[in-house]
Each structure stands twice: as structure tokens, then as C-alpha cells.
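Below: one structure, written as C-alpha cells.
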Amino acid sequence: LGPKDAHYSGGLVAGAKILEFFGDAATALCLRETRGLNEGLFRAYESVDFLRPVYAGDTIEATARITRIGNTSRTMEFSAYKTGQRRALIAKAKGTVVISPDKPARRR
């Protein structure tokens with residue numbers, strides 16, 4: 001994260017930046033799962049937990065996995081970590097992405 005990502009004093013980064021990473025991870029999963037046919041649309045978060053502060057200069061890794069597949073939805077779990085010498089969980093969330101019914105989705 002760069003200086004432009006710092007939103008608060010002391011170089012603190014807003015939690016919204018982590019949610020942006022979760023959205024990007026959801027898009028990547030949807031594209032992989034539908035073989036590039038559908039990027040999905042984020043519908044809602046069931047829960048979001050910010051566990052540690054994030055500062056400009058931190059390196060972040062976000063992960064996502066599909067936990068449930070519906071006809072037009074995908075439920076996902078997300079985690080974000082500070083990377084480096086001391087890898088630390090900084091946030092986790094659960095959310096639902098909708099796959100547009102006019103674009104085919106592959107079932108597992």
C-alpha cells in the first residue's frame with residue numbers, strides 16, 4: 001500500500017481498501033469458475049471483521065474461496081494478511097456474489 005492509500009493520520013489505511021481487495025478476489029474467482037464468461041456482481045457481505053490496523057507501506061495479500069454454489073450465486077469467504085517477516089491476519093469476511101443468469105456459469 002502506498003502513501004495515497006493512507007486515509008487517516010499516522011498513515012492508517014481505511015478498511016474500505018481491504019474490501020476493494022476482497023472484491024477483486026471475488027471477481028478473479030468468478031472468472032476462473034465460469035472460464036472467463038462471467039465476472040459476477042457483489043451482492044452483500046454477511047460479515048466483515050477488521051482484526052488489525054493497516055498502514056501505508058504494508059504489503060497485503062487477499063485470498064478467497066467459494067464455500068457454496070447456488071444457481072446464480074456464489075458464497076465466498078475472504079481473508080487478508082500482512083505479508084513479510086510476520087504474516088498476520090488483518091481481516092476476514094463472508095459475502096455473496098451473483099452470477100448474471102444471461103451468462104452461463106459452470107456447476108461444480
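Ordered as shown in the C-alpha cells, chains take letters A, B, and onward, while each chain numbers its residues from 1 and ligands are numbered from 1 in the order shown.
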Next item on the list: Quick one: everything within 10 Å of Leu19 (chain A), counting only C-alpha atoms, minus sequence neighbours fewer than 4 positions away in the same chain. Send it as JSON, numbers by chain.
Entry: {"A": [14, 15, 23, 24, 25, 45, 48, 62, 78, 80, 91, 92, 93]}
Note to self: Using DSSP assignments from the backbone, pull out every residue in chain A that falls under alpha helix (DSSP H) and give it to me as a ChimeraX atom specification.
What the structure shows: /A:15-33
Resulting file, chosen residues, N, CA, C and O atoms, as an mmCIF file, in the first residue's frame:
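again.cif, written as the output of this step:
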data_model
loop_
_atom_site.group_PDB
_atom_site.id
_atom_site.type_symbol
_atom_site.label_atom_id
_atom_site.label_comp_id
_atom_site.auth_asym_id
_atom_site.auth_seq_id
_atom_site.Cartn_x
_atom_site.Cartn_y
_atom_site.Cartn_z
ATOM 1 N N GLY A 15 -10.458 0.696 6.060
ATOM 2 C CA GLY A 15 -10.887 -0.682 5.838
ATOM 3 C C GLY A 15 -11.503 -0.897 4.465
ATOM 4 O O GLY A 15 -11.481 -2.006 3.933
ATOM 5 N N ALA A 16 -12.035 0.157 3.871
ATOM 6 C CA ALA A 16 -12.627 0.051 2.534
ATOM 7 C C ALA A 16 -11.606 -0.449 1.507
ATOM 8 O O ALA A 16 -11.975 -1.104 0.527
ATOM 9 N N LYS A 17 -10.340 -0.151 1.728
ATOM 10 C CA LYS A 17 -9.295 -0.625 0.808
ATOM 11 C C LYS A 17 -9.209 -2.152 0.847
ATOM 12 O O LYS A 17 -9.041 -2.802 -0.177
ATOM 13 N N ILE A 18 -9.370 -2.740 2.028
ATOM 14 C CA ILE A 18 -9.348 -4.201 2.156
ATOM 15 C C ILE A 18 -10.566 -4.791 1.459
ATOM 16 O O ILE A 18 -10.473 -5.814 0.772
ATOM 17 N N LEU A 19 -11.724 -4.133 1.586
ATOM 18 C CA LEU A 19 -12.923 -4.603 0.893
ATOM 19 C C LEU A 19 -12.743 -4.537 -0.616
ATOM 20 O O LEU A 19 -13.259 -5.387 -1.351
ATOM 21 N N GLU A 20 -12.002 -3.559 -1.095
ATOM 22 C CA GLU A 20 -11.686 -3.475 -2.520
ATOM 23 C C GLU A 20 -10.882 -4.707 -2.955
ATOM 24 O O GLU A 20 -11.157 -5.294 -3.999
ATOM 25 N N PHE A 21 -9.915 -5.114 -2.142
ATOM 26 C CA PHE A 21 -9.140 -6.317 -2.448
ATOM 27 C C PHE A 21 -10.032 -7.552 -2.452
ATOM 28 O O PHE A 21 -9.887 -8.433 -3.300
ATOM 29 N N PHE A 22 -10.984 -7.633 -1.500
ATOM 30 C CA PHE A 22 -11.898 -8.777 -1.469
ATOM 31 C C PHE A 22 -12.762 -8.802 -2.733
ATOM 32 O O PHE A 22 -13.022 -9.858 -3.291
ATOM 33 N N GLY A 23 -13.203 -7.648 -3.188
ATOM 34 C CA GLY A 23 -13.979 -7.564 -4.429
ATOM 35 C C GLY A 23 -13.174 -8.039 -5.633
ATOM 36 O O GLY A 23 -13.694 -8.759 -6.492
ATOM 37 N N ASP A 24 -11.905 -7.652 -5.681
ATOM 38 C CA ASP A 24 -11.035 -8.102 -6.776
ATOM 39 C C ASP A 24 -10.845 -9.619 -6.731
ATOM 40 O O ASP A 24 -10.848 -10.283 -7.764
ATOM 41 N N ALA A 25 -10.691 -10.168 -5.524
ATOM 42 C CA ALA A 25 -10.527 -11.618 -5.375
ATOM 43 C C ALA A 25 -11.800 -12.349 -5.802
ATOM 44 O O ALA A 25 -11.743 -13.400 -6.454
ATOM 45 N N ALA A 26 -12.971 -11.790 -5.475
ATOM 46 C CA ALA A 26 -14.245 -12.389 -5.882
ATOM 47 C C ALA A 26 -14.378 -12.400 -7.401
ATOM 48 O O ALA A 26 -14.792 -13.402 -7.997
ATOM 49 N N THR A 27 -14.008 -11.297 -8.039
ATOM 50 C CA THR A 27 -14.056 -11.222 -9.498
ATOM 51 C C THR A 27 -13.151 -12.280 -10.123
ATOM 52 O O THR A 27 -13.555 -12.985 -11.055
ATOM 53 N N ALA A 28 -11.936 -12.404 -9.607
ATOM 54 C CA ALA A 28 -11.000 -13.406 -10.139
ATOM 55 C C ALA A 28 -11.557 -14.814 -9.987
ATOM 56 O O ALA A 28 -11.446 -15.628 -10.917
ATOM 57 N N LEU A 29 -12.159 -15.112 -8.844
ATOM 58 C CA LEU A 29 -12.740 -16.447 -8.639
ATOM 59 C C LEU A 29 -13.897 -16.703 -9.595
ATOM 60 O O LEU A 29 -14.008 -17.794 -10.161
ATOM 61 N N CYS A 30 -14.769 -15.725 -9.772
ATOM 62 C CA CYS A 30 -15.901 -15.890 -10.687
ATOM 63 C C CYS A 30 -15.424 -16.115 -12.118
ATOM 64 O O CYS A 30 -15.944 -16.980 -12.825
ATOM 65 N N LEU A 31 -14.441 -15.343 -12.536
ATOM 66 C CA LEU A 31 -13.910 -15.518 -13.892
ATOM 67 C C LEU A 31 -13.280 -16.891 -14.070
ATOM 68 O O LEU A 31 -13.459 -17.539 -15.099
ATOM 69 N N ARG A 32 -12.563 -17.361 -13.053
ATOM 70 C CA ARG A 32 -11.951 -18.690 -13.133
ATOM 71 C C ARG A 32 -13.032 -19.772 -13.177
ATOM 72 O O ARG A 32 -12.975 -20.688 -13.974
ATOM 73 N N GLU A 33 -14.029 -19.637 -12.328
ATOM 74 C CA GLU A 33 -15.068 -20.650 -12.205
ATOM 75 C C GLU A 33 -15.962 -20.713 -13.440
ATOM 76 O O GLU A 33 -16.465 -21.769 -13.793
#
Report the closest atom pair, with its distance in Å rounded to one decimal, for each residue of region 49-89 of chain A that has an atom no farther than 10 Å from region 36-40 of chain A; count only C-alpha atoms, sort by chain and then rising residue number, and write it as a tab-separated table.
residue	atom	partner	partner_atom	distance
A:Thr72	CA	A:Gly40	CA	9.2
A:Ser73	CA	A:Gly40	CA	8.5
A:Arg74	CA	A:Gly40	CA	8.8
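Considering only C-alpha atoms, the residue among A:Phe50, A:Tyr55, A:Val98, A:Leu41 positioned nearest to Arg68 (chain A) is A:Val98.
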Checklist line | Nearest residue to Gln85 (chain A) from the set A:Arg35, A:Pro3, A:Asp58, A:Arg43 (distances using only C-alpha atoms) | finding: A:Asp58
